[in-house]
file model_38.csv (CSV, C-alpha atoms and all ligand atoms)
chain,number,residue,atom,x,y,z
A,573,MET,CA,-7.0,13.5,36.6
A,574,ALA,CA,-9.3,12.4,33.8
A,575,ASP,CA,-8.2,9.5,31.6
A,576,HIS,CA,-6.8,10.6,28.3
A,577,VAL,CA,-8.3,8.7,25.4
A,578,ARG,CA,-5.8,8.2,22.6
A,579,SER,CA,-6.8,10.3,19.6
A,580,TYR,CA,-5.7,10.5,16.0
A,581,VAL,CA,-6.3,13.0,13.2
A,582,VAL,CA,-6.9,11.1,10.0
A,583,ALA,CA,-7.5,12.6,6.5
A,584,ASP,CA,-10.4,10.8,4.8
A,585,LEU,CA,-9.6,11.1,1.1
A,586,PRO,CA,-12.2,8.9,-0.5
A,587,GLY,CA,-11.4,10.1,-4.1
A,588,ASP,CA,-13.3,8.7,-7.1
A,589,GLY,CA,-15.4,5.8,-8.3
A,590,ILE,CA,-15.8,3.1,-5.6
A,591,GLY,CA,-13.4,5.0,-3.3
A,592,PRO,CA,-16.1,6.8,-1.3
A,593,GLU,CA,-18.1,3.6,-0.9
A,594,VAL,CA,-15.3,1.5,0.4
A,595,VAL,CA,-13.7,4.2,2.6
A,596,ALA,CA,-17.1,4.8,4.3
A,597,VAL,CA,-17.1,1.2,5.4
A,598,ALA,CA,-13.5,1.3,6.6
A,599,ARG,CA,-14.1,4.5,8.5
A,600,ASP,CA,-17.1,3.1,10.4
A,601,LEU,CA,-15.1,0.0,11.3
A,602,VAL,CA,-12.2,2.1,12.5
A,603,ASP,CA,-14.6,4.1,14.7
A,604,ALA,CA,-16.1,0.9,16.0
A,605,ALA,CA,-12.6,-0.5,16.8
A,606,GLY,CA,-11.8,2.8,18.5
A,607,SER,CA,-14.7,2.4,20.9
A,608,ARG,CA,-13.7,-1.2,21.7
A,609,PHE,CA,-10.0,-0.5,22.0
A,610,GLY,CA,-10.0,2.9,23.6
A,611,PHE,CA,-9.1,5.6,21.0
A,612,THR,CA,-10.9,8.1,18.8
A,613,VAL,CA,-10.4,9.4,15.3
A,614,ASP,CA,-10.9,12.9,14.2
A,615,TRP,CA,-11.7,12.5,10.5
A,616,GLN,CA,-10.8,15.4,8.2
A,617,HIS,CA,-12.5,15.2,4.9
A,618,CYS,CA,-10.3,15.9,1.9
A,619,PRO,CA,-12.1,16.4,-1.4
A,620,LEU,CA,-9.2,15.7,-3.9
A,621,GLY,CA,-9.5,13.4,-6.9
A,622,ALA,CA,-10.7,13.4,-10.5
A,623,GLU,CA,-14.0,15.1,-9.8
A,624,TYR,CA,-12.2,17.9,-7.9
A,625,TYR,CA,-9.7,18.4,-10.7
A,626,LEU,CA,-12.3,18.6,-13.4
A,627,ARG,CA,-14.3,21.1,-11.3
A,628,THR,CA,-11.4,23.3,-10.1
A,629,GLY,CA,-8.5,22.7,-12.6
A,630,GLU,CA,-6.3,21.9,-9.6
A,631,VAL,CA,-4.8,18.5,-8.6
A,632,LEU,CA,-3.3,19.3,-5.2
A,633,PRO,CA,-3.6,22.9,-4.1
A,634,GLY,CA,-1.2,24.2,-1.4
A,635,ALA,CA,-3.9,24.7,1.2
A,636,GLU,CA,-5.1,21.0,0.9
A,637,PHE,CA,-1.5,19.8,1.0
A,638,ASP,CA,-0.9,21.8,4.2
A,639,ARG,CA,-4.0,20.2,5.8
A,640,LEU,CA,-2.8,16.7,4.8
A,641,ARG,CA,0.7,17.4,6.2
A,642,LYS,CA,-0.7,18.1,9.6
A,643,THR,CA,-2.6,14.9,10.0
A,644,ASP,CA,-1.4,11.6,11.7
A,645,ALA,CA,-2.4,9.5,8.7
A,646,ILE,CA,-4.3,9.6,5.3
A,647,LEU,CA,-6.8,7.0,4.3
A,648,LEU,CA,-7.2,7.1,0.6
A,649,GLY,CA,-9.9,5.3,-1.4
A,650,ALA,CA,-9.0,5.5,-5.1
A,651,VAL,CA,-8.2,8.3,-7.5
A,652,GLY,CA,-8.8,8.2,-11.3
A,653,SER,CA,-11.4,8.6,-13.9
A,654,PRO,CA,-11.6,7.9,-17.6
A,655,SER,CA,-12.3,11.6,-18.1
A,656,VAL,CA,-8.8,12.7,-16.8
A,657,PRO,CA,-5.8,12.1,-19.1
A,658,PRO,CA,-3.3,9.4,-17.8
A,659,GLY,CA,-0.6,10.8,-15.6
A,660,VAL,CA,-2.3,13.9,-14.3
A,661,LEU,CA,-3.6,12.4,-11.0
A,662,GLU,CA,-0.9,9.6,-10.8
A,663,ARG,CA,2.0,12.1,-11.0
A,664,GLY,CA,0.2,15.2,-9.7
A,665,LEU,CA,-1.4,13.6,-6.6
A,666,LEU,CA,-0.3,10.0,-5.7
A,667,LEU,CA,3.4,10.4,-6.6
A,668,ARG,CA,3.6,13.9,-5.3
A,669,LEU,CA,2.2,12.7,-1.9
A,670,ARG,CA,4.6,9.8,-1.9
A,671,PHE,CA,7.6,12.0,-2.7
A,672,GLU,CA,6.9,15.1,-0.8
A,673,LEU,CA,5.7,13.3,2.4
A,674,ASP,CA,8.8,11.1,2.0
A,675,LEU,CA,6.7,7.9,2.0
A,676,TYR,CA,9.7,5.9,1.2
A,677,ILE,CA,8.2,2.4,1.8
A,678,ASN,CA,5.3,0.9,-0.1
A,679,LEU,CA,4.2,-2.0,2.1
A,680,ARG,CA,2.2,-4.6,0.3
A,681,PRO,CA,1.3,-7.8,2.3
A,682,ALA,CA,0.0,-10.7,0.2
A,683,ARG,CA,-1.3,-13.6,2.3
A,684,LEU,CA,-3.7,-16.3,1.1
A,685,ARG,CA,-6.6,-15.8,3.5
A,686,PRO,CA,-9.2,-18.4,4.6
A,687,GLY,CA,-11.7,-19.4,2.0
A,688,VAL,CA,-9.7,-17.9,-0.9
A,689,VAL,CA,-8.6,-20.2,-3.7
A,690,SER,CA,-4.9,-20.0,-4.7
A,691,HIS,CA,-3.9,-20.0,-8.4
A,692,GLY,CA,-0.4,-21.0,-7.3
A,693,ALA,CA,1.3,-24.1,-6.1
A,694,GLY,CA,0.7,-23.3,-2.5
A,695,ALA,CA,-0.2,-20.7,0.1
A,696,LEU,CA,1.6,-17.4,-0.3
A,697,ASP,CA,2.4,-15.4,2.8
A,698,THR,CA,4.7,-12.5,1.9
A,699,VAL,CA,5.1,-8.8,2.4
A,700,VAL,CA,6.5,-6.9,-0.5
A,701,VAL,CA,8.6,-3.9,0.7
A,702,ARG,CA,8.7,-1.7,-2.3
A,703,GLU,CA,11.0,1.3,-2.5
A,704,ASN,CA,8.6,4.2,-3.1
A,705,THR,CA,10.5,7.4,-3.9
A,706,GLU,CA,13.2,6.6,-6.4
A,707,GLY,CA,14.0,4.2,-9.3
A,708,LEU,CA,12.1,4.7,-12.6
A,709,TYR,CA,9.4,6.6,-10.8
A,710,ALA,CA,11.6,9.5,-9.8
A,711,GLY,CA,10.8,11.4,-13.0
A,712,ALA,CA,14.3,11.8,-14.4
A,713,GLY,CA,14.5,11.8,-18.2
A,714,GLY,CA,12.7,13.6,-20.9
A,715,THR,CA,12.0,13.9,-24.6
A,716,VAL,CA,14.1,15.6,-27.2
A,717,HIS,CA,13.5,16.2,-30.9
A,718,LYS,CA,9.8,15.6,-30.3
A,719,GLY,CA,7.8,15.0,-33.5
A,720,THR,CA,10.8,14.1,-35.6
A,721,ALA,CA,12.0,10.7,-36.7
A,722,PHE,CA,14.8,11.1,-34.1
A,723,GLU,CA,12.5,11.8,-31.3
A,724,THR,CA,14.2,10.4,-28.2
A,725,ALA,CA,12.5,9.5,-24.9
A,726,THR,CA,14.5,8.5,-21.8
A,727,GLU,CA,13.5,7.5,-18.3
A,728,GLU,CA,16.3,7.1,-15.9
A,729,SER,CA,16.3,4.9,-12.8
A,730,LEU,CA,17.6,6.8,-9.8
A,731,ASN,CA,19.1,4.8,-6.9
A,732,THR,CA,20.7,6.7,-4.1
A,733,ARG,CA,22.8,5.0,-1.4
A,734,ALA,CA,20.7,6.6,1.3
A,735,GLY,CA,17.4,5.7,-0.4
A,736,VAL,CA,18.4,2.1,-1.0
A,737,GLU,CA,19.8,1.7,2.5
A,738,ARG,CA,16.8,3.0,4.3
A,739,CYS,CA,14.5,0.8,2.3
A,740,LEU,CA,16.6,-2.3,3.1
A,741,ARG,CA,16.8,-1.3,6.8
A,742,TYR,CA,13.0,-1.2,7.0
A,743,ALA,CA,12.8,-4.6,5.3
A,744,ALA,CA,15.4,-6.1,7.6
A,745,GLY,CA,13.5,-4.8,10.6
A,746,LEU,CA,10.3,-6.4,9.3
A,747,ALA,CA,12.2,-9.6,8.6
A,748,ARG,CA,13.4,-9.7,12.2
A,749,ARG,CA,9.7,-9.5,13.4
A,750,ARG,CA,8.7,-12.2,10.9
A,751,ALA,CA,10.8,-15.2,9.7
A,752,GLY,CA,14.2,-13.7,10.0
A,753,LYS,CA,14.8,-13.6,6.3
A,754,MET,CA,14.5,-11.2,3.4
A,755,THR,CA,14.8,-11.8,-0.4
A,756,LEU,CA,16.2,-9.1,-2.5
A,757,VAL,CA,14.5,-9.0,-5.9
A,758,HIS,CA,16.3,-7.2,-8.7
A,759,LYS,CA,17.9,-7.8,-12.1
A,760,THR,CA,21.6,-7.6,-11.2
A,761,ASN,CA,22.6,-9.6,-14.3
A,762,VAL,CA,21.5,-6.8,-16.6
A,763,LEU,CA,21.0,-3.6,-14.4
A,764,VAL,CA,24.6,-3.9,-13.3
A,765,HIS,CA,24.9,-0.4,-11.8
A,766,ALA,CA,21.7,-0.2,-9.7
A,767,GLY,CA,21.9,-3.9,-9.1
A,768,ASP,CA,25.4,-3.7,-7.7
A,769,LEU,CA,24.4,-0.9,-5.3
A,770,TRP,CA,21.3,-2.8,-4.1
A,771,GLN,CA,23.2,-6.1,-3.6
A,772,ARG,CA,26.1,-4.6,-1.7
A,773,VAL,CA,23.9,-2.6,0.6
A,774,ALA,CA,21.5,-5.5,1.1
A,775,ARG,CA,24.5,-7.7,2.3
A,776,GLU,CA,25.7,-5.0,4.7
A,777,VAL,CA,22.2,-4.4,6.1
A,778,ALA,CA,21.4,-8.1,6.5
A,779,ASP,CA,24.6,-8.7,8.3
A,780,ALA,CA,24.2,-5.7,10.6
A,781,GLU,CA,20.6,-6.6,11.4
A,782,GLY,CA,21.2,-10.3,11.7
A,783,VAL,CA,18.8,-11.5,9.1
A,784,ALA,CA,19.3,-14.1,6.3
A,785,LEU,CA,19.5,-12.7,2.8
A,786,ASP,CA,18.3,-14.5,-0.3
A,787,TYR,CA,18.3,-13.1,-3.8
A,788,ALA,CA,16.1,-13.7,-6.9
A,789,HIS,CA,16.1,-12.0,-10.3
A,790,VAL,CA,12.8,-10.4,-10.9
A,791,ASP,CA,11.8,-12.7,-13.8
A,792,ALA,CA,12.6,-15.8,-11.8
A,793,ALA,CA,10.8,-14.3,-8.8
A,794,CYS,CA,7.6,-14.2,-10.8
A,795,LEU,CA,7.9,-17.9,-11.6
A,796,TYR,CA,8.7,-18.9,-8.1
A,797,LEU,CA,5.9,-16.8,-6.7
A,798,VAL,CA,3.5,-19.1,-8.6
A,799,ASP,CA,5.5,-22.4,-8.5
A,800,ASP,CA,7.2,-22.3,-5.1
A,801,PRO,CA,5.7,-19.5,-3.0
A,802,GLY,CA,7.0,-21.0,0.3
A,803,ARG,CA,10.5,-19.7,-0.6
A,804,PHE,CA,9.4,-16.0,0.1
A,805,ASP,CA,8.7,-14.1,3.3
A,806,VAL,CA,9.8,-10.5,3.2
A,807,ILE,CA,10.6,-9.4,-0.4
A,808,VAL,CA,12.5,-6.1,-0.8
A,809,THR,CA,12.8,-4.5,-4.2
A,810,ASP,CA,12.9,-1.3,-6.2
A,811,ASN,CA,10.0,0.8,-7.2
A,812,LEU,CA,8.9,-0.6,-10.5
A,813,PHE,CA,9.7,-4.2,-9.8
A,814,GLY,CA,7.7,-3.8,-6.6
A,815,ASP,CA,4.8,-2.3,-8.5
A,816,ILE,CA,4.7,-5.3,-10.8
A,817,ILE,CA,5.3,-8.2,-8.5
A,818,SER,CA,2.9,-6.9,-5.9
A,819,ASP,CA,0.1,-7.2,-8.6
A,820,LEU,CA,1.2,-10.8,-9.1
A,821,GLY,CA,1.2,-11.3,-5.3
A,822,ALA,CA,-2.4,-9.9,-5.3
A,823,ALA,CA,-3.5,-12.3,-8.1
A,824,LEU,CA,-2.2,-15.2,-6.1
A,825,THR,CA,-4.0,-14.2,-2.9
A,826,GLY,CA,-7.5,-13.5,-4.2
A,827,GLY,CA,-7.0,-10.4,-6.4
A,828,LEU,CA,-6.7,-6.7,-6.1
A,829,GLY,CA,-10.0,-6.7,-4.1
A,830,LEU,CA,-8.1,-8.1,-1.2
A,831,SER,CA,-4.9,-6.2,-1.5
A,832,PRO,CA,-4.1,-3.4,1.0
A,833,SER,CA,-1.1,-1.1,0.9
A,834,GLY,CA,0.7,1.4,3.2
A,835,ASN,CA,2.8,4.2,1.9
A,836,LEU,CA,5.0,4.6,4.9
A,837,ASN,CA,7.2,7.3,6.4
A,838,PRO,CA,8.7,5.0,8.9
A,839,ASP,CA,10.5,7.9,10.6
A,840,LYS,CA,7.1,9.4,11.3
A,841,THR,CA,8.2,12.9,10.4
A,842,GLY,CA,4.8,13.3,8.8
A,843,PRO,CA,1.7,11.3,8.0
A,844,SER,CA,1.7,7.9,6.2
A,845,MET,CA,-0.9,7.1,3.6
A,846,PHE,CA,-2.9,3.9,3.3
A,847,GLU,CA,-4.8,2.8,0.2
A,848,PRO,CA,-6.4,-0.3,-1.3
A,849,VAL,CA,-4.4,-1.3,-4.4
A,850,HIS,CA,-7.5,-1.6,-6.5
A,851,GLY,CA,-8.4,1.5,-8.5
A,852,SER,CA,-11.6,3.5,-8.7
A,853,ALA,CA,-13.3,0.8,-10.7
A,854,PRO,CA,-15.8,3.2,-12.5
A,855,ASP,CA,-17.6,0.3,-14.1
A,856,ILE,CA,-19.0,-0.9,-10.7
A,857,ALA,CA,-19.2,2.5,-8.9
A,858,GLY,CA,-22.6,3.1,-7.5
A,859,THR,CA,-23.8,-0.5,-8.0
A,860,GLY,CA,-23.3,-1.5,-4.3
A,861,LYS,CA,-21.1,-4.4,-5.4
A,862,ALA,CA,-17.7,-3.0,-4.4
A,863,SER,CA,-15.9,-5.1,-1.8
A,864,PRO,CA,-14.5,-2.9,1.0
A,865,ALA,CA,-12.1,-5.7,2.1
A,866,ALA,CA,-9.0,-4.0,0.8
A,867,ALA,CA,-9.9,-0.7,2.2
A,868,VAL,CA,-10.6,-2.2,5.6
A,869,LEU,CA,-7.2,-4.1,5.4
A,870,SER,CA,-5.5,-0.8,4.5
A,871,ALA,CA,-7.2,0.8,7.6
A,872,ALA,CA,-5.8,-2.1,9.6
A,873,LEU,CA,-2.3,-1.3,8.4
A,874,MET,CA,-3.0,2.3,9.3
A,875,LEU,CA,-4.0,1.4,12.9
A,876,ASP,CA,-0.9,-0.7,13.3
A,877,HIS,CA,1.3,2.2,12.1
A,878,LEU,CA,-0.5,4.6,14.5
A,879,GLY,CA,0.3,2.2,17.4
A,880,GLU,CA,-3.0,0.4,17.7
A,881,PRO,CA,-1.9,-3.2,17.0
A,882,GLU,CA,-4.8,-4.9,18.8
A,883,ALA,CA,-7.4,-2.9,16.8
A,884,ALA,CA,-5.4,-3.6,13.6
A,885,ALA,CA,-5.4,-7.3,14.3
A,886,ALA,CA,-9.2,-7.2,15.1
A,887,LEU,CA,-9.9,-5.6,11.7
A,888,ASP,CA,-7.6,-8.0,9.9
A,889,GLY,CA,-9.2,-10.9,11.7
A,890,ALA,CA,-12.7,-9.7,10.9
A,891,VAL,CA,-11.9,-9.8,7.2
A,892,ASP,CA,-10.5,-13.4,7.6
A,893,ALA,CA,-13.7,-14.4,9.4
A,894,VAL,CA,-16.0,-13.0,6.8
A,895,LEU,CA,-13.9,-14.6,4.0
A,896,GLY,CA,-13.8,-17.9,5.8
A,897,ALA,CA,-17.6,-17.9,6.0
A,898,GLY,CA,-17.8,-17.5,2.2
A,899,GLY,CA,-17.4,-13.7,1.8
A,900,GLN,CA,-20.2,-11.3,0.8
A,901,ASP,CA,-21.5,-10.1,-2.6
A,902,THR,CA,-22.4,-6.5,-1.7
A,903,THR,CA,-20.7,-3.6,0.0
A,904,ALA,CA,-23.6,-3.4,2.6
A,905,GLY,CA,-23.3,-7.2,3.2
A,906,TRP,CA,-19.6,-6.8,3.9
A,907,ALA,CA,-20.2,-3.8,6.2
A,908,LYS,CA,-22.7,-5.7,8.3
A,909,ALA,CA,-20.7,-9.0,8.5
A,910,LEU,CA,-17.5,-7.1,9.4
A,911,ALA,CA,-19.2,-5.1,12.1
A,912,THR,CA,-20.5,-8.3,13.6
A,913,GLU,CA,-17.1,-10.0,13.6
A,914,LEU,CA,-15.4,-6.9,15.0
A,915,ALA,CA,-18.0,-6.8,17.9
A,916,ALA,CA,-17.0,-10.4,18.7
A,917,ALA,CA,-13.3,-9.7,18.8
A,918,GLU,CA,-11.6,-9.9,22.2
A,919,VAL,CA,-10.2,-6.9,24.0
A,920,THR,CA,-7.0,-8.0,25.6
A,921,ARG,CA,-5.9,-4.8,27.3
B,1,LIG,C1,0.1,1.4,-7.6
B,1,LIG,C2,-0.3,2.0,-8.9
B,1,LIG,C3,0.5,3.3,-9.0
B,1,LIG,C4,1.9,2.9,-9.1
B,1,LIG,C5,0.1,4.2,-10.1
B,1,LIG,C6,-1.4,4.5,-10.2
B,1,LIG,C7,0.9,5.5,-10.1
B,1,LIG,O1,-0.2,1.2,-9.9
B,1,LIG,O2,-0.1,2.0,-6.5
B,1,LIG,O3,0.5,0.2,-7.6
B,1,LIG,O4,2.4,2.6,-10.1
B,1,LIG,O5,2.6,2.9,-8.0
B,2,MN,MN,0.5,-0.8,-9.3
call {"tool": "encode", "arguments": {"input": "model_38.csv", "output": "structure tokens", "more": "lines below"}}
Ligand code: IPM
Ligand code: MN
result
Amino acid sequence: MADHVRSYVVADLPGDGIGPEVVAVARDLVDAAGSRFGFTVDWQHCPLGAEYYLRTGEVLPGAEFDRLRKTDAILLGAVGSPSVPPGVLERGLLLRLRFELDLYINLRPARLRPGVVSHGAGALDTVVVRENTEGLYAGAGGTVHKGTAFETATEESLNTRAGVERCLRYAAGLARRRAGKMTLVHKTNVLVHAGDLWQRVAREVADAEGVALDYAHVDAACLYLVDDPGRFDVIVTDNLFGDIISDLGAALTGGLGLSPSGNLNPDKTGPSMFEPVHGSAPDIAGTGKASPAAAVLSAALMLDHLGEPEAAAALDGAVDAVLGAGGQDTTAGWAKALATELAAAEVTR
């Protein structure tokens, strides 16, 4: 019988601005890793983003969504443009995908890599596990008496027992594979209802999974991330706190240009989505200056999730090697240097 090569269907959703430039580099590296490590990727181009919306008036038509649902993973570049009003693509595309594909974990590693100067008191090596479907992002709330002096706007934070527990379980599993410890970040001294739920469930899950549990209020956590980064390993937190502290983690480890993310459906009932945290950066789009590092690191998270840990480590290691040698100033320079490093990576199986 012929050997079966492992094969994955991945949606290539480059989006806007620098998205297409950085995703092209990531795709080539994934293909190169595939030939080294024994798998193939069937890339399915998905045209969504600001340009698509301006041309068609639609953000996420059903047919495109159905195609995305059937893939094994989605590699997204960036969506957004100054010509689209705020919220349209964020809620209509990104958050819809997060919610409807049940991507309930937003995984954001922040590690100080070789050759990168820290702004903090030491080397940070954390993974922020951000709850990704609830909290203040859920969309509960509204506006009444609009346009009057009594206009009232509310945003409610939704925290379900099931949603909090599954997030904490994922974080605890990750903590077991890392340093055996997780830190809950919240604001239990003020947000007493949600905070109480998170804290009680965190205690239960930590005990059940046999990991140590630490706690920090979100304001203090910002201070410690800068002044005492060694106290953190896995950080688990709600949606908005995770959004904010992961940008701080990025700033402390070389900036958004080096920050990958995975929007995960850990139960694998559908595709997970991987995206660099930087946006579409319209100011540098087309200049050839965009760094593809965060897109490549996001592709590495994707390969790990798909069950290709050696290829994932090879891509991650290639970024470290290029950074350690001083980095590159252009997209093309990065692409070439990363390909050289990847070609030198060892195949262990
Ligand atoms: C991020 C972004 C998004 C978020 C926006 C664009 C909706 O800031 O991925 O961190 O707030 O989650
Ligand atoms: Mn953000």
call {"tool": "residues_around", "arguments": {"input": "model_38.csv", "residues": "Val602 (chain A)", "least_positions_apart": "6", "cutoff": "12 Å", "atoms": "only C-alpha atoms", "output": "PyMOL selection string"}}
result
chain A and resi 580+582+584+595-596+608-615+647+867-876+880+882-888+890+907+910-911+914-915
call {"tool": "closest_residue", "arguments": {"input": "model_38.csv", "among": "A:Val757, A:Leu708, A:Leu820, A:Val762", "to": "Tyr787 (chain A)", "atoms": "only C-alpha atoms"}}
result
A:Val757
call {"tool": "atom_distance", "arguments": {"input": "model_38.csv", "atom1": "CA of Asp603 (chain A)", "atom2": "CA of Ser579 (chain A)"}}
result
11.1 Å
call {"tool": "residues_near_ligand", "arguments": {"input": "model_38.csv", "ligand": "ligand LIG 1 (chain B)", "cutoff": "8 Å", "atoms": "all atoms listed in the file", "output": "VMD selection string"}}
result
chain A and resid 659 662 to 663 666 to 667 704 811 to 812 815 to 816 818 to 819 849 851
call {"tool": "closest_residue", "arguments": {"input": "model_38.csv", "among": "A:Gly905, A:Lys759, A:Ala725, A:Tyr709", "to": "ligand MN 2 (chain B)", "atoms": "all atoms listed in the file"}}
result
A:Tyr709
call {"tool": "atom_distance", "arguments": {"input": "model_38.csv", "atom1": "CA of Val594 (chain A)", "atom2": "CA of Ala865 (chain A)"}}
result
8.1 Å
call {"tool": "residues_around", "arguments": {"input": "model_38.csv", "residues": "Pro619 (chain A)", "least_positions_apart": "6", "cutoff": "12 Å", "atoms": "only C-alpha atoms", "output": "list in words"}}
result
Ala583, Asp584, Leu585, Pro586, Gly587, Asp588, Gly591, Pro592, Tyr625, Arg627, Thr628, Glu630, Val631, Leu632, Pro633, Ala635, Glu636, Phe637, Arg639, Leu640, Leu648, Gly649, Ala650 and Val651 of chain A
call {"tool": "residues_near_point", "arguments": {"input": "model_38.csv", "point": "(17.1, -6.3, 9.2)", "cutoff": "10 Å", "atoms": "all atoms listed in the file", "output": "MDAnalysis selection string"}}
result
chainID A and resid 740:749 752:754 774 776:785
call {"tool": "residues_near_point", "arguments": {"input": "model_38.csv", "point": "(-3.5, -10.3, -4.4)", "cutoff": "10 Å", "atoms": "only C-alpha atoms", "output": "number ranges by chain"}}
result
A: 680-684, 690, 696, 817-832, 849-850, 866
call {"tool": "closest_residue", "arguments": {"input": "model_38.csv", "among": "A:Gly652, A:Phe813, A:Glu728, A:Lys642", "to": "Tyr624 (chain A)", "atoms": "all atoms listed in the file"}}
result
A:Gly652
call {"tool": "atom_distance", "arguments": {"input": "model_38.csv", "atom1": "CA of Ala904 (chain A)", "atom2": "CA of Asn678 (chain A)"}}
result
29.3 Å
call {"tool": "closest_residue", "arguments": {"input": "model_38.csv", "among": "A:Thr841, A:Thr698, A:Ser833, A:Thr755", "to": "ligand MN 2 (chain B)", "atoms": "all atoms listed in the file"}}
result
A:Ser833
call {"tool": "residues_around", "arguments": {"input": "model_38.csv", "residues": "Leu626 (chain A)", "least_positions_apart": "6", "cutoff": "12 Å", "atoms": "only C-alpha atoms", "output": "list in words"}}
result
Asp588, Leu620, Gly652, Ser653, Pro654, Ser655, Val656, Pro657, Val660 and Leu661 of chain A
call {"tool": "closest_residue", "arguments": {"input": "model_38.csv", "among": "A:Asp901, A:Glu847, A:Glu723, A:Asp892", "to": "ligand MN 2 (chain B)", "atoms": "all atoms listed in the file"}}
result
A:Glu847
call {"tool": "closest_residue", "arguments": {"input": "model_38.csv", "among": "A:Leu730, A:Gly889, A:Pro848, A:Gly713", "to": "ligand MN 2 (chain B)", "atoms": "only C-alpha atoms and all ligand atoms"}}
result
A:Pro848
call {"tool": "decode", "arguments": {"input": "model_38.csv", "residues": "region 661-674 of chain A", "atoms": "N, CA and C atoms", "output": "compact mmCIF listing (two decimals), in the first residue's frame"}}
result
# COMPACT_ATOMS: atom_id res chain seq x y z
N LEU A 661 -15.84 45.37 10.58
CA LEU A 661 -15.08 44.14 10.35
C LEU A 661 -14.75 43.44 11.67
N GLU A 662 -14.54 44.24 12.72
CA GLU A 662 -14.19 43.64 14.02
C GLU A 662 -15.33 42.74 14.49
N ARG A 663 -16.55 43.32 14.54
CA ARG A 663 -17.69 42.52 15.00
C ARG A 663 -18.17 41.57 13.92
N GLY A 664 -18.24 42.07 12.68
CA GLY A 664 -18.88 41.30 11.61
C GLY A 664 -18.03 40.15 11.09
N LEU A 665 -16.72 40.24 11.27
CA LEU A 665 -15.86 39.17 10.74
C LEU A 665 -15.10 38.47 11.88
N LEU A 666 -14.18 39.23 12.53
CA LEU A 666 -13.33 38.59 13.54
C LEU A 666 -14.14 37.98 14.68
N LEU A 667 -15.00 38.81 15.30
CA LEU A 667 -15.72 38.30 16.47
C LEU A 667 -16.74 37.25 16.05
N ARG A 668 -17.34 37.41 14.87
CA ARG A 668 -18.30 36.39 14.42
C ARG A 668 -17.59 35.05 14.25
N LEU A 669 -16.41 35.07 13.66
CA LEU A 669 -15.68 33.82 13.51
C LEU A 669 -15.32 33.23 14.88
N ARG A 670 -14.85 34.11 15.78
CA ARG A 670 -14.50 33.61 17.13
C ARG A 670 -15.71 32.96 17.80
N PHE A 671 -16.87 33.63 17.71
CA PHE A 671 -18.05 33.13 18.43
C PHE A 671 -18.64 31.92 17.72
N GLU A 672 -18.87 32.03 16.41
CA GLU A 672 -19.63 30.97 15.73
C GLU A 672 -18.80 29.73 15.47
N LEU A 673 -17.48 29.86 15.43
CA LEU A 673 -16.64 28.65 15.33
C LEU A 673 -16.25 28.15 16.73
N ASP A 674 -16.77 28.83 17.76
CA ASP A 674 -16.50 28.47 19.16
C ASP A 674 -15.00 28.42 19.45
